[in-house]
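Below is one structure, written out as structure tokens; comments come after it.
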4 protein chains.
Amino acid sequence: MPKAKAQKSAEHFAGISKIAYEGPQSTNPLAFKHYNADEKVGGKTMAEHLRFSIAYWHAFRGAGSDPFGPGTIVRKWESSSKDPVSVAKVRMDAAFEFYQKIGAPFWCFHDRDIAPEGATLAQSNKNLDAIVAHAKQLQKATGVKLLWGTANLFSNPRYMCGASTNPDAHVFAYAAAQVKKALEVTQELGGENYVFWGGREGYETLLNTDLKREQDHLAAFLGMAVDYAKKIGFKGQFLIEPKPKEPTKHQYDFDCATCIGFLRSYGLHKHFKFNIETNHATLAGHTFQHEIEVAGSAGMLGSIDANTGDLLLGWDTDQFNTDVKELTLAMMSILKFGGLGSGGFNFDAKLRRPSIDLADLFHAHIGGMDAYAHALKLAHRINSEGVFSKKVAARYASYDSGYGRDIEKGKASFESLEKLVLGQLGEPTPVSGKQEYLENLLNTELFR
Amino acid sequence: MPKAKAQKSAEHFAGISKIAYEGPQSTNPLAFKHYNADEKVGGKTMAEHLRFSIAYWHAFRGAGSDPFGPGTIVRKWESSSKDPVSVAKVRMDAAFEFYQKIGAPFWCFHDRDIAPEGATLAQSNKNLDAIVAHAKQLQKATGVKLLWGTANLFSNPRYMCGASTNPDAHVFAYAAAQVKKALEVTQELGGENYVFWGGREGYETLLNTDLKREQDHLAAFLGMAVDYAKKIGFKGQFLIEPKPKEPTKHQYDFDCATCIGFLRSYGLHKHFKFNIETNHATLAGHTFQHEIEVAGSAGMLGSIDANTGDLLLGWDTDQFNTDVKELTLAMMSILKFGGLGSGGFNFDAKLRRPSIDLADLFHAHIGGMDAYAHALKLAHRINSEGVFSKKVAARYASYDSGYGRDIEKGKASFESLEKLVLGQLGEPTPVSGKQEYLENLLNTELFR
Amino acid sequence: MPKAKAQKSAEHFAGISKIAYEGPQSTNPLAFKHYNADEKVGGKTMAEHLRFSIAYWHAFRGAGSDPFGPGTIVRKWESSSKDPVSVAKVRMDAAFEFYQKIGAPFWCFHDRDIAPEGATLAQSNKNLDAIVAHAKQLQKATGVKLLWGTANLFSNPRYMCGASTNPDAHVFAYAAAQVKKALEVTQELGGENYVFWGGREGYETLLNTDLKREQDHLAAFLGMAVDYAKKIGFKGQFLIEPKPKEPTKHQYDFDCATCIGFLRSYGLHKHFKFNIETNHATLAGHTFQHEIEVAGSAGMLGSIDANTGDLLLGWDTDQFNTDVKELTLAMMSILKFGGLGSGGFNFDAKLRRPSIDLADLFHAHIGGMDAYAHALKLAHRINSEGVFSKKVAARYASYDSGYGRDIEKGKASFESLEKLVLGQLGEPTPVSGKQEYLENLLNTELFR
Amino acid sequence: MPKAKAQKSAEHFAGISKIAYEGPQSTNPLAFKHYNADEKVGGKTMAEHLRFSIAYWHAFRGAGSDPFGPGTIVRKWESSSKDPVSVAKVRMDAAFEFYQKIGAPFWCFHDRDIAPEGATLAQSNKNLDAIVAHAKQLQKATGVKLLWGTANLFSNPRYMCGASTNPDAHVFAYAAAQVKKALEVTQELGGENYVFWGGREGYETLLNTDLKREQDHLAAFLGMAVDYAKKIGFKGQFLIEPKPKEPTKHQYDFDCATCIGFLRSYGLHKHFKFNIETNHATLAGHTFQHEIEVAGSAGMLGSIDANTGDLLLGWDTDQFNTDVKELTLAMMSILKFGGLGSGGFNFDAKLRRPSIDLADLFHAHIGGMDAYAHALKLAHRINSEGVFSKKVAARYASYDSGYGRDIEKGKASFESLEKLVLGQLGEPTPVSGKQEYLENLLNTELFR
């Protein structure tokens with residue numbers, strides 16, 4: 001087809017070839033040092049473990065703007081004077097070229113990232129259909145798959161006071177119609193998950209807010225999504241992405257623990273897992289690993305939005321994460337819970353405002369992919385050898401038999417335990433937690 | 001009785017009489033400007049609304065120590081060279097003198113605050129029994145009642161790695177025996193609630209922690225408490241006091257929303273309400289009012305630990321709260337949810353380290369009681385006049401009829417709503433949230 | 001002149017008259033309850049004390065955008081299809097109508113707020129000249145004066161790595177040329193101060209930064225400004241506005257104390273005072289009053305950017321400040337240091353994103369002005385009566401005579417003091433800091 | 001002497017031999033993997049570079065207490081029923097045994113750490129003299145030297161409102177006498193530095209504080225120290241240890257930049273350098289490397305208090321630092337500024353409360369020493385190869401010639417630069433900051 005040919009000829013990242021694995025000793029900045037897609041780590045390839053995904057919004061709609069200035073990043077494909085839908089197609093061509101060159105098997109999007117919003121919902125849907133058809137073609141041509149889709153329910157001014165938690169039922173209805181369509185196109189593109197990030201589902205001030213009623217509405221909305229997915233046969237996993245604040249003062253999906261309470265209160269917990277973002281975890285006062293442990297312990301570990309924040313800054317900096325130590329701890333927990341299933345590691349991370357070169361987009365993703373791959377290898381070895389897990393198991397051994405086992409089995413009571421303590425047991429002997437020793441061990445493992 | 005007489009003669013706060021209400025124009029620092037116990041506010045007296053309580057640990061065991069130095073506050077009743085149980089009795093005499101002079105109808109304690117810990121649990125229980133008998137006498141003599149009791153499961157080195165979440169089942173058993181006794185003495189003293197604050201129920205490092213197993217143990221422990229209370233006929237309300245961190249890095253009872261999730265996951269939510277502390281709320285990243293709204297919306301608003309932190313400091317400063325604006329917002333929500341029931345406002349607040357005068361203990365509590373009383377009056381008037389509530393109700397009116405009502409009643413779906421939006425509804429019109437207007441209105445109400 | 005007539009006929013805030021003072025009992029949301037311009041407070045009118053100023057950027061260039069969505073606020077005067085300079089004139093007409101109706105005697109601007117940036121510096125300067133001529137006419141017609149001017153050295157992509165601290169000397173030169181022009185137009189409009197806010201004068205990562213060299217360049221830049229002001233006879237006060245972070249990770253003008261060190265290190269301290277912003281103070285970990293005390297103690301208290309942040313959020317929320325308690329403390333310190341001189345209270349505060357009504361702009365400024373005016377009255381009374389100042393003076397009285405006075409006069413030494421301590425003085429007796437008492441007193445003063 | 005013999009026979013850390021270097025592959029937890037004292041790194045041995053020091057207070061006076069419970073750590077040498085001075089001597093014997101076994105060439109102390117405070121200053125001084133004599137003997141016998149001494153001016157209740165900033169001149173005098181003695185004993189023991197940490201030199205509330213007067217007093221105090229050191233011929237370096245808060249709400253020595261301003265304002269800056277503590281840096285909102293850069297750029301980099309905090313916690317956790325990445329960045333800056341001179345790396349870090357084993361004290365210090373040694377090797381290689389420094393130099397090259405050089409030489413002006421920009425220069429071209437590329441490069445360097 002002439003069109004496809006035209007696309008081929010228009011190379012957007014000219015001068016940058018597919019990124020190859022060259023190993024830890026490589027000094028080539030445009031090569032992987034650790035991510036080797038087909039390398040086996042414990043029975044699965046790295047590609048199968050990590051299921052890397054590129055976030056369309058940051059990689060192809062972000063231009064470096066911040067509250068103090070407009071974008072700094074100029075891409076050739078944006079300079080066209082063509083109509084917005086045509087520009088959207090060329091932009092998507094560039095995106096799929098990038099996915100292939102960086103070697104990411106998945107991508108993710110919000111509806112409004114990929115297609116321009118129209119004057120009416122009908123027009124927006126039409127624009128979306130046109131781009132989805134284009135995306136389907138590109139997915140087929142490249143083999144790149146959709147990790148998850150979602151709807152942007154936070155940018156348009158209509159959502160300024162929330163979407164499903166908006167005080168105006170009209171906005172709730174609009175959001176419902178938008179998510180309905182987003183679910184349909186996610187299904188159309190074979191999306192393996194669907195994400196809810198409640199960007200403005202929260203409040204700015206309690207002076208004008210009925211918190212209870214807003215939470216009821218949010219639950220009603222999620223319930224409708226569950227019903228509609230069932231109706232259309234969408235089998236993807238629903239994911240909630242917690243975030244404590246920003247843009248609003250308080251967001252209802254504060255962190256995993258909060259969402260567990262919310263979902264259980266409304267009987268929705270069987271239908272959702274979590275899409276955990278590192279920077280959201282730390283904004284909520286938690287480590288990344290903590291959120292993984294909370295989700296995993298509840299059987300609700302779904303997917304990862306792979307980025308990092310700056311703990312000395314109080315906003316969502318969405319940086320690429322190259323902290324191998326932090327990621328090794330995260331990977332140890334993820335592997336312990338059996339991995340991410342239909343989820344993956346989606347780079348919800350943006351270039352720094354001054355990182356304006358085309359090559360910077362590659363450096364950023366190479367750094368992130370390498371750090372996760374490096375961490376995967378380390379975590380697998382650590383877990384396989386039981387470096388920490390054996391010690392942890394031993395630490396709780398008193399619950400494996402005797403009255404400890406009775407406690408776990410529900411066979412003990414205050415009275416039975418008091419009897420033991422006043423009798424044979426007496427005063428317990430404190431046991432060192434060995435934290436410094438374990439921290440040293442972690443360093444040994446990281447660098448050995 | 002000669003004993004009672006002896007007590008009378010030993011006045012510990014000599015020179016300070018019972019604090020009287022003198023009204024807002026009073027310049028007497030040892031008088032109430034707003035707290036007027038018998039004054040009616042909307043059908044109940046201030047005393048009935050506020051149910052003030054003195055925290056034994058801060059008021060009578062705190063001496064101003066901090067991590068950088070020992071206590072600075074010297075009390076005469078501590079200087080005795082008598083045996084610890086005798087000192088404990090005199091200290092308690094001083095406490096009840098203070099309760100009466102400050103006009104607090106309630107007090108609260110941890111087991112180890114009131115009676116010295118012995119070499120064995122049996123000895124500790126014996127000491128506790130002796131002091132509880134003394135307290136019962138004092139309660140009877142003064143009319144002061146017990147708002148709640150609790151067990152200190154965090155100070156003794158045996159609990160350094162947690163009590164019910166300790167890796168050693170022996171410690172779990174010990175804690176069970178200790179709480180059994182604490183429940184019994186709380187019942188003996190007519191306590192209207194029993195509080196669980198999980199001081200070290202959390203972790204220092206995930207490297208040595210089995211988070212899931214620890215949470216299972218915590219749930220088992222709470223379940224045993226529920227069972228034992230039932231068995232002994234204890235009718236008081238169980239309360240959980242959330243705190244996100246400090247002393248440990250992460251505590252399982254992070255905030256109200258987290259605890260709702262935890263309790264529901266283990267089927268325990270019907271047996272617990274919350275004891276909300278202001279400083280714990282802010283350490284978790286929330287306003288005080290937010291935590292009240294979360295608890296109240298879940299029907300789990302139990303009691304208040306009345307204090308404040310310093311938002312520019314990252315630890316639990318436990319200061320007396322004199323911020324009438326913050327407290328008015330809190331009271332507006334508390335009154336909306338129908339008040340605290342069997343709970344009350346317990347001054348879990350400590351004197352600043354340099355506040356070493358006996359009178360400072362009065363100044364501190366007078367300031368706190370006045371601020372809450374002032375806030376109560378303001379909040380009652382604001383709520384009665386519907387200053388904010390009418391505006392909030394109007395803001396959500398679209399859910400009171402038509403498709404908005406259908407959404408709330410579970411009769412709407414993504415399809416029905418999409419049909420409306422693509423049809424008659426079209427694009428919603430944004431409506432101002434009026435935040436600045438409402439903030440001005442609050443100021444008008446505070447100072448009118 | 002027909003032009004002026006045309007302007008008159010185009011009322012931009014139709015339906016809103018000049019805001020009048022109606023007193024604390026007024027229920028009119030569009031009236032002042034405390035700000036009464038001509039009312040005397042201790043020998044000066046409120047207008048003379050407060051010198052309120054409207055920030056052009058927030059009030060007339062802000063539209064409610066945030067990192068998660070574009071603006072929500074639509075103003076009629078922006079909808080024109082005219083050329084940018086014409087639109088800028090109409091916008092400025094609206095601004096001066098607002099200044100008059102709200103009763104603000106001053107305004108403030110960045111060069112790029114008021115006039116569109118052109119393709120070249122020469123074109124930008126030409127645009128600026130056209131608008132400055134218009135502003136001069138409006139100032140004359142209305143009597144509104146310029147509190148301060150400044151240059152926007154942070155929005156344009158050329159400044160993405162700083163202006164005077166940019167690694168590229170070309171950008172330094174460009175910034176120099178821009179500030180030269182901004183100084184000239186500030187002088188042309190009779191500006192009483194000129195502000196430096198180093199929006200991106202800092203770093204994102206130390207990996208690519210020569211901190212020492214950047215600080216040298218910043219000092220060189222400020223030195224050139226001092227020289228040029230002298231040359232053109234600009235008599236306005238130079239002000240530095242500290243901010244610790246945001247947009248960059250670290251900004252060199254972290255807080256007042258940091259700037260004092262910087263200015264003294266380069267011998268520039270005699271030429272600068274501070275423009276203190278409340279939200280910047282708290283982002284740096286300080287209270288507003290603290291920054292005032294630091295600046296005032298150094299004789300460098302210049303002006304105030306009047307706003308507030310949310311201490312539970314980690315970014316610059318720039319809200320209107322209605323906290324009378326916080327502002328009373330600030331005013332107590334400001335009055336103690338003799339007021340702001342050529343400075344004023346400039347509302348560097350923005351409407352919340354959902355505050356989209358024209359009236360909201362009035363509510364916001366009325367609330368802010370009333371809160372400062374209320375605080376001024378309270379602080380004046382408190383200071384006049386010496387409520388706190390007498391107690392503070394008494395607390396340090398031991399330095400007013402004897403060896404205390406010798407310490408202050410430089411006549412004491414370690415040896416002379418040791419001799420005293422080993423001899424007559426012995427051990428000091430701790431004295432209560434009376435913090436709770438003083439906090440109660442503050443509440444009494446606020447509400448009496 | 002029989003006494004010395006007796007000491008020798010009393011091995012306090014029985015079963016633990018001198019810690020040996022075994023290399024990165026060692027699995028022996030009681031061996032160094034990286035710290036190899038005599039290994040040369042760029043012309044100096046590791047021992048010469050790092051000058052490790054043990055903090056007497058944490059290692060030998062800390063017992064794991066926190067605000068919620070007393071100490072957990074029991075040491076045999078504390079259990080004696082002997083008089084306090086005798087116990088202090090045995091404790092010091094244990095300390096020097098530890099210094100030798102861990103291989104630390106230096107130690108540090110506060111006066112009150114090593115010798116018990118007496119009923120009078122004279123008695124305290126006498127106790128101190130006895131212990132200093134013992135320490136001198138032990139230093140001679142072991143070759144361990146004193147890195148720095150200091151006085152504890154924050155624990156005793158007399159200092160509850162500050163030492164030199166106390167409102168009571170009597171306390172100032174007492175502090176002066178105490179520091180006089182501490183300087184003398186530091187000199188007696190050959191201390192290479194003397195540290196001022198202003199533990200309570202700050203305020204709790206501005207309501208009772210005269211900030212200006214307190215800062216004047218602090219400056220007077222430091223001036224007296226300078227004078228007295230000169231008088232007695234003490235040649236050690238004076239160091240100020242900045243900390244922003246805790247125990248007080250605000251401390252005058254907030255961070256290095258604040259102290260530079262303070263010292264310059266009082267003309268004291270030539271007499272002081274900084275003792276930078278990692279955890280204090282982060283409490284002030286800075287990275288460790290940032291504080292090193294600020295101090296080094298001012299020529300005031302003195303010594304390091306080697307520890308780390310937890311960025312998700314808001315208090316001084318004083319943990320052992322094992323983050324090789326953070327330490328490599330720190331070491332890169334330290335080496336760039338020529339090292340620490342008479343300073344060293346002092347482990348101002350404490351065992352976690354549950355780390356109660358004797359061996360834990362070794363694990364903790366081994367981990368810290370290894371992490372710094374590892375970082376030293378990496379940083380030396382990175383700096384030697386110019387991995388980052390060459391790129392940084394190139395980034396600022398425009399200031400090395402032409403008008404850039406003129407700017408640095410003070411030969412440019414706003415006018416000369418405007419002329420260039422309006423003429424030949426025109427609009428600058430933005431250049432990428434390459435942050436992601438540099439972050440990847442750092443990871444490559446850490447793990448290659």
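In the structure tokens, chains take letters A, B, ... by order of appearance, with residues numbered from 1 within each chain and ligands from 1 in the order shown.
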DSSP on the backbone: what in stretch 104-238 of chain B comes out alpha helix (DSSP H), as a PyMOL selection string?
chain B and resi 111-114+121-142+169-188+211-232
Counting only C-alpha atoms, which residues of chain A come no farther than 6 Å from chain C, as an mmCIF file with N, CA, C and O atoms, in the first residue's frame?
data_model
loop_
_atom_site.group_PDB
_atom_site.id
_atom_site.type_symbol
_atom_site.label_atom_id
_atom_site.label_comp_id
_atom_site.auth_asym_id
_atom_site.auth_seq_id
_atom_site.Cartn_x
_atom_site.Cartn_y
_atom_site.Cartn_z
ATOM 1 N N PHE A 68 5.585 26.729 35.380
ATOM 2 C CA PHE A 68 6.277 27.998 35.211
ATOM 3 C C PHE A 68 6.739 28.258 33.786
ATOM 4 O O PHE A 68 7.478 29.209 33.546
ATOM 5 N N GLY A 69 6.302 27.391 32.872
ATOM 6 C CA GLY A 69 6.694 27.638 31.495
ATOM 7 C C GLY A 69 6.151 26.580 30.542
ATOM 8 O O GLY A 69 5.894 25.445 30.955
ATOM 9 N N THR A 72 9.381 22.745 26.016
ATOM 10 C CA THR A 72 10.686 23.090 25.446
ATOM 11 C C THR A 72 11.064 22.138 24.308
ATOM 12 O O THR A 72 11.979 22.419 23.544
ATOM 13 N N SER A 155 -8.300 16.312 32.400
ATOM 14 C CA SER A 155 -7.749 17.509 31.756
ATOM 15 C C SER A 155 -8.830 18.496 31.320
ATOM 16 O O SER A 155 -8.717 19.690 31.557
ATOM 17 N N PRO A 157 -11.797 20.980 31.154
ATOM 18 C CA PRO A 157 -12.413 21.775 32.217
ATOM 19 C C PRO A 157 -13.722 21.188 32.767
ATOM 20 O O PRO A 157 -14.045 21.431 33.927
ATOM 21 N N MET A 160 -13.207 19.624 36.063
ATOM 22 C CA MET A 160 -12.424 20.382 37.054
ATOM 23 C C MET A 160 -12.810 20.050 38.495
ATOM 24 O O MET A 160 -12.001 20.177 39.399
ATOM 25 N N GLY A 314 7.932 17.810 46.713
ATOM 26 C CA GLY A 314 6.596 17.380 47.129
ATOM 27 C C GLY A 314 5.591 17.214 46.019
ATOM 28 O O GLY A 314 4.399 17.219 46.275
ATOM 29 N N TRP A 315 6.074 17.090 44.799
ATOM 30 C CA TRP A 315 5.133 16.868 43.707
ATOM 31 C C TRP A 315 5.598 15.699 42.858
ATOM 32 O O TRP A 315 6.680 15.157 43.059
ATOM 33 N N PRO A 354 14.798 20.172 30.368
ATOM 34 C CA PRO A 354 15.891 20.502 29.449
ATOM 35 C C PRO A 354 16.363 19.330 28.578
ATOM 36 O O PRO A 354 17.307 19.507 27.812
#
So how many Å separate atom CA of C:Ser303 and atom CA of D:Thr282, to one decimal?
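A separation of 29.7 Å between them.
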Return the single residue from C:Ala364, C:Ile54, C:Leu422, C:Ala151 that is closest to C:Asp113, with distances computed using only C-alpha atoms.
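Closest residue, counting only C-alpha atoms: C:Ala151.
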Pull the strand (DSSP E) assignments for stretch 233-335 of chain D out of DSSP run on the backbone, and list those residues as a count of residues only.
17
Would you pick out the contacts of D:Leu128 at 10 Å or less, using only C-alpha atoms, so that residues sharing its chain but fewer than 2 positions from it are not included, and give the list as a list of chain:residue names?
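Skipping anything fewer than 2 positions along the chain leaves D:Val85, D:Asp111, D:Arg112, D:Asp113, D:Ile114, D:Ala115, D:Pro116, D:Glu117, D:Gly118, D:Ala122, D:Gln123, D:Ser124, D:Asn125, D:Lys126, D:Ala130, D:Ile131, D:Val132, D:Ala133, D:His134, D:Lys181, D:Ala182, D:Val185.
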Writing out the chosen residues with all heavy atoms as a compact mmCIF listing (two decimals), in the first residue's frame:
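Result file is out00.txt:
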# COMPACT_ATOMS: atom_id res chain seq x y z
N VAL D 85 32.24 7.12 88.14
CA VAL D 85 33.52 7.39 87.49
C VAL D 85 34.23 6.09 87.15
O VAL D 85 34.81 5.94 86.06
CB VAL D 85 34.40 8.34 88.34
CG1 VAL D 85 35.79 8.46 87.74
CG2 VAL D 85 33.74 9.71 88.46
N ASP D 111 31.65 16.18 76.30
CA ASP D 111 32.16 16.11 77.67
C ASP D 111 31.32 15.19 78.56
O ASP D 111 31.85 14.34 79.28
CB ASP D 111 32.29 17.52 78.29
CG ASP D 111 31.03 18.37 78.12
OD1 ASP D 111 30.04 17.86 77.55
OD2 ASP D 111 31.04 19.54 78.55
N ARG D 112 29.99 15.35 78.47
CA ARG D 112 29.15 14.58 79.39
C ARG D 112 28.96 13.12 78.99
O ARG D 112 28.43 12.32 79.76
CB ARG D 112 27.79 15.24 79.55
CG ARG D 112 27.85 16.68 80.11
CD ARG D 112 28.54 16.75 81.47
NE ARG D 112 28.63 18.14 81.93
CZ ARG D 112 29.78 18.79 82.13
NH1 ARG D 112 30.95 18.18 81.94
NH2 ARG D 112 29.77 20.04 82.55
N ASP D 113 29.37 12.76 77.75
CA ASP D 113 29.34 11.34 77.36
C ASP D 113 30.34 10.53 78.17
O ASP D 113 30.07 9.40 78.57
CB ASP D 113 29.81 11.15 75.91
CG ASP D 113 28.98 11.86 74.88
OD1 ASP D 113 27.80 12.12 75.15
OD2 ASP D 113 29.52 12.15 73.80
N ILE D 114 31.51 11.12 78.34
CA ILE D 114 32.60 10.31 78.87
C ILE D 114 32.68 10.34 80.38
O ILE D 114 33.13 9.38 80.99
CB ILE D 114 33.97 10.71 78.24
CG1 ILE D 114 34.28 12.19 78.44
CG2 ILE D 114 33.99 10.37 76.75
CD1 ILE D 114 35.70 12.57 78.00
N ALA D 115 32.22 11.47 80.97
CA ALA D 115 32.34 11.57 82.42
C ALA D 115 31.02 12.02 83.02
O ALA D 115 30.34 12.88 82.45
CB ALA D 115 33.44 12.57 82.79
N PRO D 116 30.65 11.46 84.17
CA PRO D 116 29.36 11.82 84.76
C PRO D 116 29.34 13.26 85.22
O PRO D 116 30.33 13.79 85.72
CB PRO D 116 29.24 10.86 85.94
CG PRO D 116 30.61 10.39 86.23
CD PRO D 116 31.37 10.45 84.94
N GLU D 117 28.19 13.91 85.05
CA GLU D 117 28.02 15.28 85.51
C GLU D 117 27.91 15.25 87.03
O GLU D 117 27.23 14.40 87.61
CB GLU D 117 26.76 15.89 84.88
CG GLU D 117 26.63 17.36 85.16
CD GLU D 117 25.91 18.12 84.05
OE1 GLU D 117 25.27 17.47 83.20
OE2 GLU D 117 25.99 19.37 84.03
N GLY D 118 28.58 16.19 87.67
CA GLY D 118 28.53 16.25 89.13
C GLY D 118 27.49 17.23 89.63
O GLY D 118 26.75 17.82 88.85
N ALA D 122 32.34 22.45 89.33
CA ALA D 122 33.67 22.06 89.79
C ALA D 122 33.77 20.53 89.87
O ALA D 122 34.77 19.94 89.45
CB ALA D 122 33.94 22.69 91.16
N GLN D 123 32.72 19.91 90.39
CA GLN D 123 32.74 18.44 90.50
C GLN D 123 32.70 17.80 89.11
O GLN D 123 33.39 16.81 88.85
CB GLN D 123 31.54 17.99 91.34
CG GLN D 123 31.49 16.48 91.56
CD GLN D 123 32.73 15.97 92.30
OE1 GLN D 123 33.12 16.50 93.33
NE2 GLN D 123 33.38 14.95 91.75
N SER D 124 31.90 18.37 88.22
CA SER D 124 31.84 17.85 86.84
C SER D 124 33.21 17.94 86.19
O SER D 124 33.65 17.00 85.51
CB SER D 124 30.82 18.64 86.03
OG SER D 124 29.53 18.52 86.57
N ASN D 125 33.87 19.06 86.40
CA ASN D 125 35.20 19.23 85.82
C ASN D 125 36.20 18.23 86.39
O ASN D 125 37.04 17.69 85.67
CB ASN D 125 35.71 20.67 86.07
CG ASN D 125 34.98 21.68 85.20
OD1 ASN D 125 34.23 21.29 84.28
ND2 ASN D 125 35.17 22.96 85.49
N LYS D 126 36.03 17.96 87.66
CA LYS D 126 36.93 16.99 88.32
C LYS D 126 36.71 15.59 87.73
O LYS D 126 37.66 14.87 87.41
CB LYS D 126 36.66 17.01 89.83
CG LYS D 126 37.75 16.37 90.65
CD LYS D 126 37.39 16.41 92.14
CE LYS D 126 38.04 15.26 92.88
NZ LYS D 126 37.44 15.05 94.20
N ALA D 130 39.43 13.27 85.50
CA ALA D 130 39.80 11.87 85.80
C ALA D 130 39.68 11.01 84.56
O ALA D 130 40.54 10.17 84.25
CB ALA D 130 38.91 11.34 86.93
N ILE D 131 38.59 11.21 83.84
CA ILE D 131 38.36 10.37 82.66
C ILE D 131 39.28 10.77 81.51
O ILE D 131 39.75 9.92 80.74
CB ILE D 131 36.87 10.47 82.23
CG1 ILE D 131 35.96 9.99 83.35
CG2 ILE D 131 36.62 9.67 80.95
CD1 ILE D 131 36.14 8.53 83.73
N VAL D 132 39.55 12.06 81.40
CA VAL D 132 40.44 12.51 80.34
C VAL D 132 41.84 11.92 80.54
O VAL D 132 42.49 11.51 79.57
CB VAL D 132 40.47 14.06 80.27
CG1 VAL D 132 41.65 14.55 79.44
CG2 VAL D 132 39.15 14.55 79.68
N ALA D 133 42.24 11.84 81.78
CA ALA D 133 43.54 11.21 82.05
C ALA D 133 43.52 9.75 81.59
O ALA D 133 44.49 9.26 80.98
CB ALA D 133 43.84 11.29 83.55
N HIS D 134 42.42 9.08 81.88
CA HIS D 134 42.28 7.68 81.46
C HIS D 134 42.29 7.58 79.93
O HIS D 134 42.93 6.71 79.35
CB HIS D 134 40.97 7.13 82.04
CG HIS D 134 40.84 5.66 81.93
ND1 HIS D 134 41.66 4.76 82.58
CD2 HIS D 134 39.96 4.90 81.22
CE1 HIS D 134 41.31 3.53 82.29
NE2 HIS D 134 40.27 3.58 81.46
N LYS D 181 36.14 24.58 79.43
CA LYS D 181 36.72 23.31 79.90
C LYS D 181 36.79 22.29 78.76
O LYS D 181 37.80 21.57 78.62
CB LYS D 181 35.86 22.77 81.05
CG LYS D 181 36.36 21.48 81.66
CD LYS D 181 37.64 21.70 82.46
CE LYS D 181 38.16 20.41 83.06
NZ LYS D 181 39.44 20.66 83.76
N ALA D 182 35.75 22.23 77.96
CA ALA D 182 35.72 21.24 76.87
C ALA D 182 36.83 21.54 75.86
O ALA D 182 37.46 20.62 75.31
CB ALA D 182 34.35 21.25 76.18
N VAL D 185 40.10 20.27 77.46
CA VAL D 185 40.33 18.82 77.44
C VAL D 185 40.49 18.32 76.00
O VAL D 185 41.21 17.36 75.74
CB VAL D 185 39.23 18.02 78.19
CG1 VAL D 185 39.13 18.51 79.63
CG2 VAL D 185 37.90 18.05 77.50
Please provide as number ranges by chain all residues within 9 Å of D:Gly344, with the sequence filter that same-chain residues fewer than 3 positions apart are discarded (counting only C-alpha atoms).
D: 49-53, 106, 147, 302-305, 340-341
Any chance you can output those residues with C-alpha atoms as a JSON list (two decimals), in the first residue's frame?
[["chain", "number", "residue", "atom", "x", "y", "z"],
["D", 49, "HIS", "CA", 41.36, 9.62, 52.99],
["D", 50, "LEU", "CA", 38.64, 8.47, 55.32],
["D", 51, "ARG", "CA", 39.95, 9.07, 58.83],
["D", 52, "PHE", "CA", 37.07, 7.08, 60.30],
["D", 53, "SER", "CA", 35.94, 8.01, 63.77],
["D", 106, "PHE", "CA", 39.80, 8.29, 65.59],
["D", 147, "LEU", "CA", 39.09, 13.70, 65.80],
["D", 302, "GLY", "CA", 35.49, 20.59, 57.42],
["D", 303, "SER", "CA", 34.29, 17.18, 58.48],
["D", 304, "ILE", "CA", 31.46, 14.71, 58.03],
["D", 305, "ASP", "CA", 29.04, 13.21, 60.52],
["D", 340, "LEU", "CA", 38.50, 16.90, 54.49],
["D", 341, "GLY", "CA", 41.84, 18.18, 55.78]]
